[in-house]
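Comments concern the structure below.
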Amino acid sequence: MSDNPIVSIRNLSKHFGRFKALDDVSLDIHAGEIFALLGPSGCGKSTLLRILSGFETPTSGDVLLDNKDLVPLKPNKRPINMVFQSYAVFPHMSVEDNVAYGLKMEGVAKAEIKTRVEEALEQVHLAQFGKRKPHQLSGGQRQRVALARVLVKKPRLLLLDEPLSALDAKLRDAMRLELVKLQEAVGITFVIVTHDQAEAMAIADRIAVLNEGRLRQVASPSQLYQKPVDAFVADFVGTIHCFDIDSAAQEGDAMRVNSALLGTVKLPSDAVAHSFDSAHSSSAESVVAIRPEHIHVAAQQPLTADVALLGSLGDIAFQGQHSIVEIMLDGRASLTAVTTNSDAQALHAAGTGSPVWAHWSGSDMLLLPKDAKGAFS
Amino acid sequence: MVPLGIIFMYSFGENVSLVEVKTTWTFDNYKRIFEPELMTLLWRTLWISILATAICIVVAFPVALVIATASPSSKAWLLLLIMLPFWTNLLIRTYSLLNILGTRGRLNELLGWIWLRTNDFLTFVGAGDLGLLGAKFVPIKFLGTPGGVVLGIVYVSLPFAILPIYSALERMDTSYLEASMDLGAGQLQTFFRILVPLAMPGILTAFIITFIPALGQFLTPELLGRGQVDMIANVIQRQFKGANDWPFGSALSLMLLYVTFILLALRAFGDAARSKREANL
């Protein structure tokens with residue numbers, strides 16, 4: 001992967017009246033990667049996609065494609081194509097005509113159109129379906145037509161708007177893998193918009209997390225999960241339990257954190273988010289957090305544990321490979337812990353409501369600002 | 001249904017006296033429709049209706065497009081403007097057209113004014129002596145000509161053409177248009193290759209809903225045609241009154257009814273095929 005970005009977004013803002021759909025967003029997309037824009041609905045990810053495709057003009061800021069200004073170009077003049085959320089496969093045209101449409105508009109010679117359309121249909125395993133009309137296809141097949149229709153144009157950048165949201169669960173999993181394989185085969189840079197963190201994690205090389213128009217973090221999926229920049233990102237990319245802190249102070253190599261619920265915990269320096277600084281050390285600005293897979297559950301009080309909380313056993317949910325155990329803490333809050341199925345069975349035998357200890361190591365915890373304004377790791 | 005049944009019986013009858021018709025199950029009344037004189041009349045009815053419908057659709061499409069893409073508040077006002085003429089009696093509307101389309105009517109007044117200004121301009125640029133526009137403005141004769149009748153029918157039918165096209169455009173998913181632009185098509189290509197084909201159901205409804213009433217137009221040819229541009233309805237009316245040939249009039253009316261039925265049946269087939277297609281989508 002080269003360091004030279006294919007797309008460079010600089011201080012991009014888009015306002016609709018008083019509403020800031022995008023607020024000073026800057027990020028780079030590298031050539032050949034799958035880049036995901038992730039966030040809850042209304043976070044601005046679709047607006048960003050529409051600015052890339054040319055259907056919205058930014059209020060301020062720059063968008064560069066291959067170091068050239070993209071903003072003044074009309075959608076039909078950009079080497080960028082989009083797979084729409086609804087697929088937008090033209091219902092009055094056959095599959096072939098749909099795929100050929102973009103080439104016809106480019107003025108490509110007829111013979112070349114024919115071979116390229118065949119090639120594209122083969123790529124998405126629809127070679128036999130060229131003569132069909134869209135209404136004779138399933139939802140998954142229509143999506144492949146939409147894919148073939150843009151791949152055939154060999155764009156610099158391919159935009160996919162919630163590509164898997166309209167498919168059923170089984171097909172979605174298969175299509176995830178297929179999208180990744182397809183991207184590897186064609187080498188085109190993909191930008192995927194999604195609200196589904198599992199989807200982004202599974203597909204993308206890098207993910208940009210957006211919320212309320214602001215960019216929170218750009219990182220690889222594993223980095224995003226292990227080194228979230230703040231509590232919002234940590235919570236959005238997976239389950240995490242956060243605890244308010246009273247104070248946090250540097251103590252040698254470690255960070256000493258006081259929390260009403262947890263007592264005093266020592267966190268190693270790599271458990272402290274990069275975005276955490278002295279401005280965040282006041283109690284209202286930061287939290288300590290732990291993910292469910294790091295929480296252990298025991299019937300007896302553990303002898304050595306950095307944090308140990310006594311609670312009562314709640315529901316146990318069997319998940320297939322593992323189980324999720326709920327621990328009720330004094331009626332105020334509950335924790336969930338990921339356990340093996342056999343451990344869960346042993347706990348289940350003790351009965352709901354029986355006293356259990358949730359415990360974990362301080363080195364598995366994270367010290368996070370609640371909101372890391374403009375700080376990216 | 002009863003009057004229709006009576007007309008059906010009459011159409012197979014003959015006049016036995018001045019006031020009495022006897023149903024003899026003769027086909028003579030239907031055979032008479034195919035006489036040359038009537039064929040000319042049918043042909044005129046047909047082309048006037050087709051032309052008026054075509055003009056209606058060509059004019060209605062951009063109007064419908066403007067309404068469909070307008071903001072919600074102006075949309076309501078525009079639709080109100082379209083509906084407004086419905087609240088005025090057809091007879092009154094047609095009479096007011098007489099005032100507009102007459103040789104000394106408002107339209108010719110306007111055209112005369114434009115002619116004058118254009119001529120002034122030509123004189124100003126030094127082309128006045130060439131007489132490009134003729135020596136003097138000749139008012140266009142609308143009344144008593146097929147052109148006037150077509151204009152009249154267009155005026156009456158336009159709202160009926162606008163509404164179905166508007167509703168088709170309104171329901172259309174804009175991502176089709178965006179996809180077309182995204183794939184490299186310009187505005188015009190998107191218009192003809194995507195927008196118009198996708199609005200086709202609305203256009204067909206507009207066609208049926210304008211064409212069928214146009215076929216049976218009575219008032220417009222009567223008033224604006226000044227009796228010189230008769231359409232089939234005028235002849236039917238004459239059979240029942242002046243000519244006192246009720247059997248033939250009945251046959252002619254039923255003929256019109258059959259044509260209407262055939263068109264509606266074709267439309268229903270088309271609809272069934274399409275909803276089958278959309279059910280799968």
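As shown in the structure tokens, the chain order sets the letters A, B, ...; within each chain, residues go from 1, and ligands are also counted from 1 in the order they appear.
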TODO: List the neighbours of Gly102 (chain B) out to 12 Å using only C-alpha atoms; skip same-chain residues closer than 4 positions along the sequence, and give me the result as a list of chain:residue names.
DONE: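 Once the nearby chain positions are removed, what remains is B:Tyr95, B:Ser96, B:Leu97, B:Leu98, B:Arg106, B:Leu107, B:Asn108, B:Glu109, B:Leu110, B:Pro139, B:Ile140, B:Lys141, B:Phe142, B:Leu143, B:Gly144, B:Thr145, B:Gly148, B:Leu223, B:Leu224, B:Gly225, B:Arg226.
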With only C-alpha atoms counted and 8 Å as the cut-off, give the residues of chain B in contact with chain A, each with its shortest interatomic distance in Å and the pair that gives it, as a Markdown table.
| residue | atom | partner | partner_atom | distance |
| --- | --- | --- | --- | --- |
| B:Ser175 | CA | A:Ala88 | CA | 5.9 |
| B:Tyr176 | CA | A:Ala88 | CA | 5.1 |
| B:Glu178 | CA | A:Phe55 | CA | 7.8 |
| B:Ala179 | CA | A:Ala88 | CA | 6.5 |
| B:Ser180 | CA | A:Gly102 | CA | 7.8 |
| B:Met181 | CA | A:Asn76 | CA | 5.0 |
| B:Asp182 | CA | A:Asn76 | CA | 5.1 |
| B:Leu183 | CA | A:Gly102 | CA | 4.6 |
| B:Gly184 | CA | A:Asn76 | CA | 4.0 |
| B:Ala185 | CA | A:Met105 | CA | 5.4 |
| B:Gly186 | CA | A:Asn76 | CA | 6.7 |
| B:Ile194 | CA | A:Phe90 | CA | 7.6 |
| B:Pro197 | CA | A:His92 | CA | 7.2 |
| B:Leu198 | CA | A:His92 | CA | 7.2 |
| B:Arg277 | CA | A:His135 | CA | 5.8 |
| B:Glu278 | CA | A:His135 | CA | 6.8 |
| B:Asn280 | CA | A:His135 | CA | 5.4 |
| B:Leu281 | CA | A:His135 | CA | 4.7 |
Can you write just those residues out, C-alpha atoms, as a PDB file, in the first residue's frame?
ATOM      1  CA  SER B 175     -31.728   6.955  -7.276  1.00  0.00           C
ATOM      2  CA  TYR B 176     -32.455   5.715 -10.840  1.00  0.00           C
ATOM      3  CA  GLU B 178     -28.681   9.550  -9.924  1.00  0.00           C
ATOM      4  CA  ALA B 179     -27.414   6.139 -11.032  1.00  0.00           C
ATOM      5  CA  SER B 180     -27.738   7.243 -14.648  1.00  0.00           C
ATOM      6  CA  MET B 181     -25.735  10.423 -13.982  1.00  0.00           C
ATOM      7  CA  ASP B 182     -23.237   8.435 -11.935  1.00  0.00           C
ATOM      8  CA  LEU B 183     -22.689   6.101 -14.886  1.00  0.00           C
ATOM      9  CA  GLY B 184     -21.774   9.021 -17.103  1.00  0.00           C
ATOM     10  CA  ALA B 185     -25.073  10.077 -18.693  1.00  0.00           C
ATOM     11  CA  GLY B 186     -25.874  13.765 -19.166  1.00  0.00           C
ATOM     12  CA  ILE B 194     -34.399   6.693 -17.874  1.00  0.00           C
ATOM     13  CA  PRO B 197     -39.333   5.122 -19.929  1.00  0.00           C
ATOM     14  CA  LEU B 198     -39.883   4.901 -16.187  1.00  0.00           C
ATOM     15  CA  ARG B 277     -43.387  -7.724 -13.120  1.00  0.00           C
ATOM     16  CA  GLU B 278     -43.391  -5.330 -10.161  1.00  0.00           C
ATOM     17  CA  ASN B 280     -41.350  -9.793  -8.446  1.00  0.00           C
ATOM     18  CA  LEU B 281     -39.263  -6.702  -7.960  1.00  0.00           C
TER      19      LEU B 281
END
Picked from region 71-196 of chain B by DSSP as helix (DSSP H, G or I), as a PDB file with C-alpha atoms, in the first residue's frame:
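Okay, part-v8.pdb is ready:
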ATOM      1  CA  PRO B  72     -43.936  20.640  -0.863  1.00  0.00           C
ATOM      2  CA  SER B  73     -45.573  24.036  -0.270  1.00  0.00           C
ATOM      3  CA  SER B  74     -45.376  25.259  -3.861  1.00  0.00           C
ATOM      4  CA  LYS B  75     -46.441  21.789  -5.003  1.00  0.00           C
ATOM      5  CA  ALA B  76     -49.820  22.279  -3.311  1.00  0.00           C
ATOM      6  CA  TRP B  77     -50.299  25.660  -5.003  1.00  0.00           C
ATOM      7  CA  LEU B  78     -49.312  24.348  -8.438  1.00  0.00           C
ATOM      8  CA  LEU B  79     -51.709  21.417  -8.123  1.00  0.00           C
ATOM      9  CA  LEU B  80     -54.445  23.846  -7.088  1.00  0.00           C
ATOM     10  CA  LEU B  81     -53.782  25.908 -10.223  1.00  0.00           C
ATOM     11  CA  ILE B  82     -54.113  22.756 -12.332  1.00  0.00           C
ATOM     12  CA  MET B  83     -57.381  21.803 -10.632  1.00  0.00           C
ATOM     13  CA  LEU B  84     -58.901  25.290 -10.646  1.00  0.00           C
ATOM     14  CA  PRO B  85     -60.481  25.125 -14.138  1.00  0.00           C
ATOM     15  CA  PHE B  86     -62.430  22.021 -13.077  1.00  0.00           C
ATOM     16  CA  TRP B  87     -64.523  24.195 -10.811  1.00  0.00           C
ATOM     17  CA  LEU B  90     -67.145  23.347 -19.251  1.00  0.00           C
ATOM     18  CA  LEU B  91     -69.603  25.382 -21.324  1.00  0.00           C
ATOM     19  CA  ILE B  92     -68.367  28.625 -19.797  1.00  0.00           C
ATOM     20  CA  ARG B  93     -64.740  27.644 -20.316  1.00  0.00           C
ATOM     21  CA  THR B  94     -65.397  26.810 -23.952  1.00  0.00           C
ATOM     22  CA  TYR B  95     -67.269  30.079 -24.516  1.00  0.00           C
ATOM     23  CA  SER B  96     -64.372  32.020 -23.023  1.00  0.00           C
ATOM     24  CA  LEU B  97     -62.101  30.228 -25.480  1.00  0.00           C
ATOM     25  CA  LEU B  98     -64.255  31.736 -28.250  1.00  0.00           C
ATOM     26  CA  ASN B  99     -63.275  35.135 -26.913  1.00  0.00           C
ATOM     27  CA  ILE B 100     -59.606  34.194 -26.889  1.00  0.00           C
ATOM     28  CA  LEU B 101     -59.351  32.346 -30.193  1.00  0.00           C
ATOM     29  CA  ARG B 106     -57.037  38.005 -27.318  1.00  0.00           C
ATOM     30  CA  LEU B 107     -54.628  35.490 -28.850  1.00  0.00           C
ATOM     31  CA  ASN B 108     -54.603  37.256 -32.212  1.00  0.00           C
ATOM     32  CA  GLU B 109     -54.254  40.579 -30.402  1.00  0.00           C
ATOM     33  CA  LEU B 110     -51.135  39.226 -28.726  1.00  0.00           C
ATOM     34  CA  LEU B 111     -49.782  37.767 -31.970  1.00  0.00           C
ATOM     35  CA  GLY B 112     -50.446  41.078 -33.724  1.00  0.00           C
ATOM     36  CA  TRP B 113     -48.540  42.922 -31.014  1.00  0.00           C
ATOM     37  CA  ILE B 114     -45.612  40.517 -31.350  1.00  0.00           C
ATOM     38  CA  TRP B 115     -45.723  40.955 -35.153  1.00  0.00           C
ATOM     39  CA  LEU B 116     -45.625  44.726 -34.745  1.00  0.00           C
ATOM     40  CA  ARG B 117     -42.701  44.690 -32.320  1.00  0.00           C
ATOM     41  CA  THR B 118     -40.759  42.213 -34.432  1.00  0.00           C
ATOM     42  CA  ASN B 119     -41.350  44.360 -37.500  1.00  0.00           C
ATOM     43  CA  ASP B 120     -40.189  47.454 -35.599  1.00  0.00           C
ATOM     44  CA  PHE B 121     -37.079  45.559 -34.638  1.00  0.00           C
ATOM     45  CA  LEU B 122     -36.458  44.447 -38.233  1.00  0.00           C
ATOM     46  CA  THR B 123     -36.851  48.056 -39.419  1.00  0.00           C
ATOM     47  CA  PHE B 124     -34.495  49.121 -36.666  1.00  0.00           C
ATOM     48  CA  GLY B 128     -37.645  46.463 -42.756  1.00  0.00           C
ATOM     49  CA  ASP B 129     -37.797  46.773 -46.534  1.00  0.00           C
ATOM     50  CA  LEU B 130     -37.378  43.064 -47.095  1.00  0.00           C
ATOM     51  CA  PRO B 146     -59.257  21.799 -37.151  1.00  0.00           C
ATOM     52  CA  GLY B 147     -56.396  23.692 -35.473  1.00  0.00           C
ATOM     53  CA  GLY B 148     -58.844  25.580 -33.271  1.00  0.00           C
ATOM     54  CA  VAL B 149     -60.645  22.383 -32.325  1.00  0.00           C
ATOM     55  CA  VAL B 150     -57.341  20.707 -31.447  1.00  0.00           C
ATOM     56  CA  LEU B 151     -56.392  23.707 -29.297  1.00  0.00           C
ATOM     57  CA  GLY B 152     -59.762  23.542 -27.566  1.00  0.00           C
ATOM     58  CA  ILE B 153     -59.441  19.847 -26.793  1.00  0.00           C
ATOM     59  CA  VAL B 154     -55.882  20.342 -25.544  1.00  0.00           C
ATOM     60  CA  TYR B 155     -57.109  23.083 -23.232  1.00  0.00           C
ATOM     61  CA  VAL B 156     -59.901  20.955 -21.794  1.00  0.00           C
ATOM     62  CA  SER B 157     -57.824  17.769 -21.430  1.00  0.00           C
ATOM     63  CA  LEU B 158     -54.492  19.124 -20.211  1.00  0.00           C
ATOM     64  CA  PRO B 159     -55.153  18.697 -16.453  1.00  0.00           C
ATOM     65  CA  PHE B 160     -56.166  15.074 -17.058  1.00  0.00           C
ATOM     66  CA  ALA B 161     -52.837  14.479 -18.790  1.00  0.00           C
ATOM     67  CA  ILE B 162     -50.765  16.281 -16.161  1.00  0.00           C
ATOM     68  CA  LEU B 163     -52.084  14.449 -13.103  1.00  0.00           C
ATOM     69  CA  PRO B 164     -51.218  10.822 -14.018  1.00  0.00           C
ATOM     70  CA  ILE B 165     -47.779  11.811 -15.314  1.00  0.00           C
ATOM     71  CA  TYR B 166     -47.216  13.845 -12.165  1.00  0.00           C
ATOM     72  CA  SER B 167     -48.121  10.916  -9.945  1.00  0.00           C
ATOM     73  CA  ALA B 168     -45.780   8.604 -11.887  1.00  0.00           C
ATOM     74  CA  LEU B 169     -42.891  11.057 -11.544  1.00  0.00           C
ATOM     75  CA  GLU B 170     -43.703  11.709  -7.906  1.00  0.00           C
ATOM     76  CA  ARG B 171     -43.428   8.023  -7.015  1.00  0.00           C
ATOM     77  CA  THR B 174     -34.635   9.367  -7.670  1.00  0.00           C
ATOM     78  CA  SER B 175     -31.728   6.955  -7.276  1.00  0.00           C
ATOM     79  CA  TYR B 176     -32.455   5.715 -10.840  1.00  0.00           C
ATOM     80  CA  LEU B 177     -31.731   9.201 -12.135  1.00  0.00           C
ATOM     81  CA  GLU B 178     -28.681   9.550  -9.924  1.00  0.00           C
ATOM     82  CA  ALA B 179     -27.414   6.139 -11.032  1.00  0.00           C
ATOM     83  CA  SER B 180     -27.738   7.243 -14.648  1.00  0.00           C
ATOM     84  CA  MET B 181     -25.735  10.423 -13.982  1.00  0.00           C
ATOM     85  CA  ASP B 182     -23.237   8.435 -11.935  1.00  0.00           C
ATOM     86  CA  GLN B 187     -29.188  15.431 -18.302  1.00  0.00           C
ATOM     87  CA  LEU B 188     -30.721  14.843 -21.733  1.00  0.00           C
ATOM     88  CA  GLN B 189     -29.661  11.206 -21.943  1.00  0.00           C
ATOM     89  CA  THR B 190     -31.005  10.605 -18.450  1.00  0.00           C
ATOM     90  CA  PHE B 191     -34.266  12.270 -19.465  1.00  0.00           C
ATOM     91  CA  PHE B 192     -34.867  10.167 -22.574  1.00  0.00           C
ATOM     92  CA  ARG B 193     -33.296   6.869 -21.514  1.00  0.00           C
ATOM     93  CA  ILE B 194     -34.399   6.693 -17.874  1.00  0.00           C
ATOM     94  CA  LEU B 195     -36.979   9.305 -16.871  1.00  0.00           C
ATOM     95  CA  VAL B 196     -39.382   8.964 -19.802  1.00  0.00           C
TER      96      VAL B 196
END
Task: Backbone-only DSSP, strand (DSSP E or B) members of region 6-236 of chain A, as a ChimeraX atom specification - done: /A:6-16,19-30,34-38,60-65,68-69,80-83,157-161,189-194,206-211,214-219
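Ranking A:Gly140, A:Gly61, A:Gly187, A:Gly314 by their shortest atom-to-atom distance to Ile34 (chain A), with only C-alpha atoms included, puts A:Gly187 first.
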Open item on the list: Set the distance at 7 Å and use only C-alpha atoms: which residues neighbour Ala248 (chain A) once local chain neighbours fewer than 4 positions away are removed? I'd like the list as a VMD selection string.
Closed with: chain A and resid 255 to 258 281
Open item on the list: as number ranges by chain, please: the residues near region 24-31 of chain B (cut-off 7 Å, only C-alpha atoms, same-chain neighbours under 5 positions excluded).
Closed with: B: 11-14, 247-248, 251
Open item on the list: Given only C-alpha atoms as the basis, pick out the residue of B:Asn15, B:Ser49, B:Thr40, B:Asn234 nearest to Ile212 (chain B).
Closed with: B:Ser49
- [ ] Have a look at CA of Ala200 (chain A) and CA of Leu64 (chain A) and let me know their distance in Å, one decimal.
- [x]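 Separation between CA of Ala200 (chain A) and CA of Leu64 (chain A): 23.9 Å.
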